[in-house]
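Okay, structure first, notes after.
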Amino acid sequence: MASYEFRRIEKEWQRRWAEEGTFRALNKSEQPKYYVLDMFPYPSGAGLHVGHPLGYIASDIISRYKRHQDFNVLHPMGWDAFGLPAEQYAIQTGQHPAITTEENIRRYREQMDNIGFSFDWSREVKTSDPSYYRWTQWIFIQLFNSWYNINTNKAEPIDKLVAEFEHAGNANVRAACEENGIFSAEDWKGYTEKQQSDILLNYRLAFLSEAMVNWCPALGTVLANDEVKDGVSERGGYPVERKLMTQWSLRISAYSERLLHGLDTIDWSDSIKEAQRNWIGKSEGTSLHFKLKDHKGSIEVFTTRPDTVFGVSFLTLAPEHELVDQLATDEYKEAVSAYVTMAKNRSERDRMADIKNISGQFTGAYAIHPFTGNPIPIWIGDYVLAGYGTGAVMAVPGHDSRDYDFARHFNLPILEVVSGGDLSVASYDAKEGELVNSDFLNGLDVKSAISKAISEIEKRGLGTGKTNYRLRNAVFGRQRYWGEPIPVYYENGIPKCMELQDLPLVLPEVDKYLPTETGEPPLARAKNWTYKGFPLENTTMPGWAGSSWYYVRYMDPGNEENIASQEAIRYWRDVDLYIGGTEHATGHLLYARFWCKFLYDIGKIPFDEPFRKLVNQGMIQGQSCLIYRVNNTNKFVSSGLRNQYETTPIHVDVKLVSGNEVNLEQLKQWRPEFDDAEYELENGKLICGTEIGKMSKRWHNVVNPDNICNDYGADTLRLYEMFLGPLQDAKPWSTQGIEGVLRFLRKLWRLFHNNPDETFYLSDEEPTKAELKTLHKTIKKATEDIDNFSFNTSVSAFMVCVNELQDARCNKRAILEPLVVIISPYAPHIAEELWKLCGHNQSIEREPWPVFKAEYLVENEFFYPVSFNGKVRFNKNFALDMEPIEIEKQVLSDEQTQKYLEGKTPKKVIVVKGRIINVVA
RNA sequence: GCCCAGGUGGUGGAAUCGGUAGACACGCAGGACUUAAAAUCCUGUGGCCGCAAGGCUGUGCGGGUUCAAGUCCCGCCCUGGGUACCA
């Protein structure tokens with residue numbers, strides 16, 4: 001048996017691993033734990049493409065490496081199984097989304113098994129399984145039954161709050177909540193049950209409220225902010241509108257500060273942390289009240305630049321601001337109401353597209369400047385957002401570019417209060433310069449002016465220092481079928497949670513997966529959708545509910561009493577390494593952190609950050625193939641000829657292309673429109689153009705890993721994906737180069753089969769110094785590289801090693817056995833097979849990682865490059881322990897030195913031990 | 001606009017602390033073995049000049065620091081990703 005039969009070997013070992021449960025992790029162990037997690041996939045109908053395994057291969061290498069280092073490794077996989085595509089498919093075909101999802105999962109599993117991952121499949125979870133979502137519903141009920149106490153800075157039971165209300169009203173309560181009036185204990189006791197329920201909803205962490213939401217008519221549902229990109233839905237790209245609706249939401253804003261601070265304690269990339277910081281959007285400033293002229297009351301604004309208060313030349317209110325109606329004078333009433341109507345009817349996308357067009361309307365009313373007493377005109381403008389701060393701004397056109405544009409457009413005064421800019425050209429927004437035209441602030445720099453202004457504002461009772469966050473509460477209800485039912489029923493209109501022992505609330509059967517005639521969500525179609533005789537909630541949870549806590553469930557997936565047992569949670573704790581894409585930066589990764597902190601608050605888990613280290617793998621892009629159709633004809637021309645015509649590029653399936661030549665016969669069979677078309681070729685070939693982009697069905701550029709496994713083997717696929725480049729970088733898929741990796745594995749195989757008849761043979765001879773050096777420098781490099789996630793360079797280190805051993809004709813056990821161990825995390829199948837051939841009965845999986853010994857790398861000589869003014873001219877051997885002064889002497893007396901000195905006298909000689917010699921002349 | 005990455009041969013990419021730029025691999029060219037193919041092996045391969053020895057040049061562009069710069073500093077340009085009237 002000579003050749004490297006990867007198909008046989010890989011199938012055989014995949015079967016053995018499954019049979020022997022090689023990768024099963026125990027919840028009790030004397031070994032230290034290591035938890036390696038992949039972002040679990042949504043099993044889509046398209047199956048895995050070669051981009052998906054990239055992160056899984058990296059996490060698998062780490063898992064296997066840690067097992068070699070005697071860690072008890074938890075490396076699970078599961079399915080984010082609720083989601084829109086399966087439901088859209090159900091709407092079209094009537095097939096239950098559970099069936100579609102099941103089929104897709106089976107396909108994904110098969111594809112993953114082909115690659116030889118070391119997942120512990122006994123811990124598989126599926127978010128759409130009632131035994132799983134029972135606990136998602138359980139967490140929702142805990143959120144409903146909790147409020148956020150700012151005094152203790154954590155979530156607490158709502159019962160405690162009710163007790164406080166009964167005892168002393170809400171005067172002493174500091175909570176993350178909606179605006180509430182002050183009420184006494186007597187007031188509280190006098191409220192009806194409905195009134196009490198409404199007030200408590202303002203405090204609960206899962207709450208029902210009427211709010212502006214992102215409504216997507218095409219999907220028939222609301223969306224969270226992170227599910228809307230550029231004014232259209234992230235899934236499907238459908239337009240999104242603003243709409244006032246009663247909705248379930250989660251009070252993530254209560255955790256803004258902790259979510260922000262937690263970032264400093266975790267090992268994530270700067271770009272993801274930065275994205276989360278921006279999304280949370282903390283800004284510190286002050287509130288300031290402007291009294292109204294000829295009116296009672298005042299307008300409160302929020303500003304981060306109280307130093308510029310003397311530069312205020314008008315106020316701007318959001319069109320939705322509550323005072324807009326009252327303020328408009330008779331003269332302006334009509335114009336104001338027309339403007340407000342116009343602003344409200346604009347969709348999110350129109351508004352964004354229209355960003356450069358400045359619009360606004362004067363109300364006719366004036367406020368009074370709190371320091372100068374001057375009248376300040378009050379305007380409405382849609383550049384002011386109702387949802388942020390107070391929905392009103394003090395406009396300082398001199399030092400805020402948006403106010404500047406608005407002032408320019410409506411010809412309002414622009415005052416300079418910070419020197420340093422040229423206000424005839426642009427506003428001067430920088431926070432440096434000296435205050436001018438500003439009464440008691442004159443002469444101060446911006447920083448001191450800010451503190452002076454705040455203390456003055458507070459002293460005069462005009463406002464207080466204040467912190468705002470951009471982070472909005474997360475809309476939690478979806479008007480869709482394929483999601484977790486929200487375990488809430490309505491007793492006489494009052495929302496109540498189901499009893500915990502009655503969970504799970506299982507998704508009911510419906511006749512169609514569409515809204516009802518009256519516009520109710522699909523669940524309203526279910527028969528007897530009631531609890532204790534009362535109607536149940538009709539919306540379901542969003543896609544991110546199940547994924548916000550799945551890492552906990554893996555620790556103890558079968559538990560029926562709890563989200564996971566305390567023993568399991570205390571042993572496994574947080575995730576040591578989390579690998580996944582950057583697309584979840586402000587969605588999943590923020591929600592999971594939020595739920596983690598909440599579970600921590602209620603004492604369910606002993607850590608408050610879920611993912612200690614996060615590594616983002618780059619996207620593997622697809623290479624699309626384009627052919628060119630001459631406009632208004634059925635004629636296609638080869639890429640090189642396309643400039644002679646007006647053409648339109650058409651995407652064709654990458655399977656029809658080899659190199660850059662399109663297989664015409666296959667093309668004609670692929671789609672009927674190509675069969676009877678005319679072709680103009682180059683040298684008898686139809687050459688296609690290429691384009692790099694996302695791998696997707698739509699562009700016909702999807703490459704299935706199954707084909708690669710079949711043609712080259714799983715080990716080759718694994719090594720090749722790692723060899724492509726740094727894990728974090730985006731890179732287009734191309735099979736150019738995959739041959740080199742297969743060649744490398746064959747060479748490795750041949751080292752063990754070096755008998756004349758090419759059978760297995762290893763020698764027990766003592767290795768030479770050179771062989772030991774080769775081995776140990778590879779151990780060193782491979783270990784350092786794995787620790788740095790530099791997988792591409794360790795693959796090349798293996799190649800160098802095998803090349804050197806081949807040149808040395810090395811077939812010694814003492815060298816080759818440790819080599820197999822360090823290669824095994826990357827290419828586990830061939831490693832297991834060689835290990836077995838070496839005479840071992842146990843899987844290589846638990847074999848200790850070889851220990852690097854520096855003594856084998858010690859050299860006593862170094863072949864120094866000798867440079868003159870930085871240019872290397874020749875090399876010369878010197879002992880490493882030779883004194884620099886002696887090296888200098890020998891270099892200067894070398895005959896070649898005279899040649900390169902070109903008659904100049906050397907000024908000095910720099911000798912860097914073991915590196916370089918530089919002669920300065 | 002703002003924030004974050006990044007820019008190195010024909011291609012993917014290497015290069016600890018500033019110390020021989022281009023490791024490893026692909027591709028290409030030439031050769032060996034073979035009836036042939038596959039497989040395998042050997043040699044060469046940044047550019048320019050040269051038969052060669054050798055020389056010059058070279059890490060997006062322009063400056064600077066240094067004995068020495070892909071690496072550090074200043075100013076630009078370009079590409080990818082995120083985000084956007086957040087006061």
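Going through the structure tokens in order, the chains are called A, B, and so on, while each chain numbers its residues from 1 and the ligands are numbered from 1 in the order shown.
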
**Q.** Which of region 223-255 of chain A DSSP labels strand (DSSP E or B), written as a PyMOL selection string
**A.** chain A and resi 223+228-229+232-233+239+241-250

Can you spit out the residues from that selection as a JSON list (two decimals), in the first residue's frame, using N, CA, C and O atoms?
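Generated file (result-v3.json):
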[["chain", "number", "residue", "atom", "x", "y", "z"],
["A", 223, "LEU", "N", -38.66, 45.67, 12.83],
["A", 223, "LEU", "CA", -37.26, 45.25, 12.86],
["A", 223, "LEU", "C", -36.51, 46.07, 13.90],
["A", 223, "LEU", "O", -36.86, 47.23, 14.16],
["A", 228, "VAL", "N", -31.79, 47.04, 10.30],
["A", 228, "VAL", "CA", -32.05, 47.99, 9.23],
["A", 228, "VAL", "C", -30.72, 48.60, 8.80],
["A", 228, "VAL", "O", -29.96, 49.08, 9.63],
["A", 229, "LYS", "N", -30.41, 48.49, 7.51],
["A", 229, "LYS", "CA", -29.17, 49.06, 7.00],
["A", 229, "LYS", "C", -29.52, 50.00, 5.86],
["A", 229, "LYS", "O", -30.19, 49.57, 4.91],
["A", 232, "VAL", "N", -33.15, 50.19, 4.53],
["A", 232, "VAL", "CA", -33.85, 49.00, 4.05],
["A", 232, "VAL", "C", -33.52, 47.82, 4.96],
["A", 232, "VAL", "O", -32.55, 47.86, 5.71],
["A", 233, "SER", "N", -34.37, 46.77, 4.88],
["A", 233, "SER", "CA", -34.17, 45.63, 5.77],
["A", 233, "SER", "C", -32.87, 44.91, 5.40],
["A", 233, "SER", "O", -32.54, 44.79, 4.22],
["A", 239, "PRO", "N", -37.88, 48.20, 1.72],
["A", 239, "PRO", "CA", -37.99, 49.51, 2.38],
["A", 239, "PRO", "C", -38.57, 49.40, 3.79],
["A", 239, "PRO", "O", -39.37, 48.51, 4.08],
["A", 241, "GLU", "N", -40.27, 51.68, 7.07],
["A", 241, "GLU", "CA", -40.90, 52.95, 7.43],
["A", 241, "GLU", "C", -40.87, 53.13, 8.94],
["A", 241, "GLU", "O", -40.72, 52.18, 9.68],
["A", 242, "ARG", "N", -41.07, 54.37, 9.39],
["A", 242, "ARG", "CA", -41.27, 54.62, 10.80],
["A", 242, "ARG", "C", -42.75, 54.52, 11.09],
["A", 242, "ARG", "O", -43.56, 55.02, 10.32],
["A", 243, "LYS", "N", -43.07, 53.85, 12.17],
["A", 243, "LYS", "CA", -44.49, 53.68, 12.47],
["A", 243, "LYS", "C", -44.67, 53.62, 13.98],
["A", 243, "LYS", "O", -43.84, 53.05, 14.69],
["A", 244, "LEU", "N", -45.74, 54.21, 14.46],
["A", 244, "LEU", "CA", -46.04, 54.16, 15.88],
["A", 244, "LEU", "C", -46.83, 52.89, 16.16],
["A", 244, "LEU", "O", -47.89, 52.67, 15.59],
["A", 245, "MET", "N", -46.28, 52.02, 17.01],
["A", 245, "MET", "CA", -46.96, 50.74, 17.27],
["A", 245, "MET", "C", -46.75, 50.33, 18.72],
["A", 245, "MET", "O", -45.76, 50.69, 19.34],
["A", 246, "THR", "N", -47.69, 49.53, 19.23],
["A", 246, "THR", "CA", -47.49, 48.93, 20.55],
["A", 246, "THR", "C", -46.70, 47.65, 20.38],
["A", 246, "THR", "O", -47.07, 46.79, 19.59],
["A", 247, "GLN", "N", -45.59, 47.56, 21.09],
["A", 247, "GLN", "CA", -44.60, 46.52, 20.84],
["A", 247, "GLN", "C", -43.95, 46.03, 22.10],
["A", 247, "GLN", "O", -43.73, 46.80, 23.02],
["A", 248, "TRP", "N", -43.56, 44.75, 22.12],
["A", 248, "TRP", "CA", -42.68, 44.25, 23.17],
["A", 248, "TRP", "C", -41.27, 44.74, 22.89],
["A", 248, "TRP", "O", -40.79, 44.69, 21.76],
["A", 249, "SER", "N", -40.62, 45.25, 23.92],
["A", 249, "SER", "CA", -39.24, 45.69, 23.79],
["A", 249, "SER", "C", -38.44, 45.21, 24.99],
["A", 249, "SER", "O", -39.01, 44.86, 26.03],
["A", 250, "LEU", "N", -37.11, 45.18, 24.85],
["A", 250, "LEU", "CA", -36.23, 44.87, 25.97],
["A", 250, "LEU", "C", -35.44, 46.13, 26.33],
["A", 250, "LEU", "O", -34.95, 46.83, 25.45]]

Q.
Select, as a list in words, those residues of chain B with any atom no more than 7 Å from chain A (distances computed using only C-alpha atoms (C1' of nucleotides)).
A. C4, G12, G13, G19, U20, C24, A25, C26, C67, A68, G82, C85, C86 and A87 of chain B

Can you write just those residues out, N, CA and C atoms (P, O5', C5', C4', C3', O3' and C1' of nucleotides), as a short mmCIF file (atom, residue, chain, number, x, y, z; two decimals), in the first residue's frame?
data_model
loop_
_atom_site.label_atom_id
_atom_site.label_comp_id
_atom_site.auth_asym_id
_atom_site.auth_seq_id
_atom_site.Cartn_x
_atom_site.Cartn_y
_atom_site.Cartn_z
P C B 4 -9.73 55.48 14.61
"O5'" C B 4 -9.94 53.99 14.09
"C5'" C B 4 -10.40 52.98 14.97
"C4'" C B 4 -10.68 51.71 14.19
"C3'" C B 4 -9.52 51.18 13.39
"O3'" C B 4 -8.61 50.48 14.22
"C1'" C B 4 -11.45 51.13 12.05
P G B 12 -2.61 38.95 -5.09
"O5'" G B 12 -2.68 37.69 -4.12
"C5'" G B 12 -3.88 36.92 -4.06
"C4'" G B 12 -3.70 35.80 -3.07
"C3'" G B 12 -3.14 36.23 -1.72
"O3'" G B 12 -4.14 36.80 -0.91
"C1'" G B 12 -2.01 34.29 -2.46
P G B 13 -3.78 37.81 0.24
"O5'" G B 13 -2.89 36.91 1.18
"C5'" G B 13 -1.84 37.47 1.97
"C4'" G B 13 -0.84 36.39 2.19
"C3'" G B 13 0.33 36.80 3.06
"O3'" G B 13 0.02 36.43 4.39
"C1'" G B 13 1.13 35.97 1.00
P G B 19 14.00 44.68 12.04
"O5'" G B 19 15.48 44.59 11.48
"C5'" G B 19 15.79 45.08 10.19
"C4'" G B 19 17.18 44.64 9.81
"C3'" G B 19 17.49 43.19 10.20
"O3'" G B 19 18.26 42.63 9.18
"C1'" G B 19 19.06 44.66 11.20
P U B 20 17.58 41.81 8.02
"O5'" U B 20 18.84 41.61 7.08
"C5'" U B 20 19.47 42.73 6.45
"C4'" U B 20 19.89 42.32 5.07
"C3'" U B 20 18.72 41.85 4.18
"O3'" U B 20 18.98 42.26 2.85
"C1'" U B 20 20.31 40.13 4.39
P C B 24 11.30 28.82 0.62
"O5'" C B 24 9.78 28.41 0.90
"C5'" C B 24 9.44 27.62 2.03
"C4'" C B 24 7.93 27.55 2.16
"C3'" C B 24 7.19 27.21 0.87
"O3'" C B 24 7.18 25.82 0.63
"C1'" C B 24 6.16 29.06 1.88
P A B 25 7.29 25.27 -0.85
"O5'" A B 25 5.92 25.77 -1.49
"C5'" A B 25 4.70 25.14 -1.12
"C4'" A B 25 3.53 25.92 -1.65
"C3'" A B 25 3.45 26.08 -3.16
"O3'" A B 25 3.02 24.90 -3.81
"C1'" A B 25 2.92 28.13 -2.12
P C B 26 3.44 24.65 -5.31
"O5'" C B 26 2.48 25.65 -6.09
"C5'" C B 26 1.07 25.48 -6.04
"C4'" C B 26 0.38 26.66 -6.65
"C3'" C B 26 0.67 26.91 -8.11
"O3'" C B 26 -0.07 26.04 -8.94
"C1'" C B 26 0.78 28.96 -6.95
P C B 67 23.21 58.04 13.02
"O5'" C B 67 23.56 56.90 11.95
"C5'" C B 67 24.65 57.08 11.06
"C4'" C B 67 24.93 55.78 10.35
"C3'" C B 67 23.71 55.11 9.74
"O3'" C B 67 23.44 55.63 8.46
"C1'" C B 67 24.95 53.52 10.98
P A B 68 21.95 55.90 8.02
"O5'" A B 68 21.32 54.43 8.01
"C5'" A B 68 21.71 53.51 6.99
"C4'" A B 68 21.06 52.18 7.23
"C3'" A B 68 19.54 52.22 7.36
"O3'" A B 68 18.94 52.21 6.09
"C1'" A B 68 20.47 50.89 9.10
P G B 82 -19.99 46.85 5.88
"O5'" G B 82 -19.87 47.69 7.23
"C5'" G B 82 -19.89 47.02 8.49
"C4'" G B 82 -19.58 48.00 9.58
"C3'" G B 82 -20.58 49.14 9.74
"O3'" G B 82 -21.72 48.74 10.46
"C1'" G B 82 -18.38 50.00 9.81
P C B 85 -28.60 59.69 10.67
"O5'" C B 85 -28.89 61.20 11.12
"C5'" C B 85 -28.35 61.73 12.26
"C4'" C B 85 -27.45 62.92 11.95
"C3'" C B 85 -27.58 64.03 12.98
"O3'" C B 85 -26.34 64.66 13.14
"C1'" C B 85 -28.13 64.86 10.85
P C B 86 -25.17 64.07 14.07
"O5'" C B 86 -25.89 63.63 15.42
"C5'" C B 86 -26.19 64.58 16.45
"C4'" C B 86 -26.08 63.85 17.78
"C3'" C B 86 -24.83 62.95 17.85
"O3'" C B 86 -23.89 63.28 18.83
"C1'" C B 86 -26.86 61.68 18.18
P A B 87 -23.63 63.82 20.02
"O5'" A B 87 -23.86 65.39 19.82
"C5'" A B 87 -24.23 66.16 20.93
"C4'" A B 87 -24.73 67.48 20.43
"C3'" A B 87 -25.55 68.26 21.46
"O3'" A B 87 -24.72 69.02 22.32
"C1'" A B 87 -26.72 68.20 19.42
#

Q: Based on DSSP run over this structure's backbone, return all residues of region 493-673 of chain A in helix (DSSP H, G or I), as a ChimeraX atom specification.
A: /A:500-502,522-525,544-547,550-553,566-572,582-584,588-601,639-644,654-656,664-670,672-673

Q: Give me the residues within 8 Å of Ile266 (chain A) as a ChimeraX atom specification, counting only C-alpha atoms (C1' of nucleotides) and dropping any in the same chain fewer than 4 places off.
A: /A:262,609,611-613

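Coordinates place CA of Pro508 (chain A) at a distance of 19.2 Å from CA of Gly220 (chain A).
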
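Between CA of Asn701 (chain A) and CA of Gln623 (chain A) there is a distance of 6.0 Å.
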
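Relative to CA of Trp121 (chain A), CA of Tyr554 (chain A) is found at 10.1 Å.
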
Q | Surrounding residues of Arg573 (chain A) excluding itself and chain neighbours under 5 positions, 12 Å, only C-alpha atoms (C1' of nucleotides), as an MDAnalysis selection string | A | chainID A and resid 27 32:36 74 551:556 564:568 596 600 604:612

**Q.** Polymer residues at most 12 Å from Glu300 (chain A), only C-alpha atoms (C1' of nucleotides), same-chain spacing of 4 or more positions, as number ranges by chain
**A.** A: 286-292, 315-317, 321-323, 367, 370, 389-394, 462-464
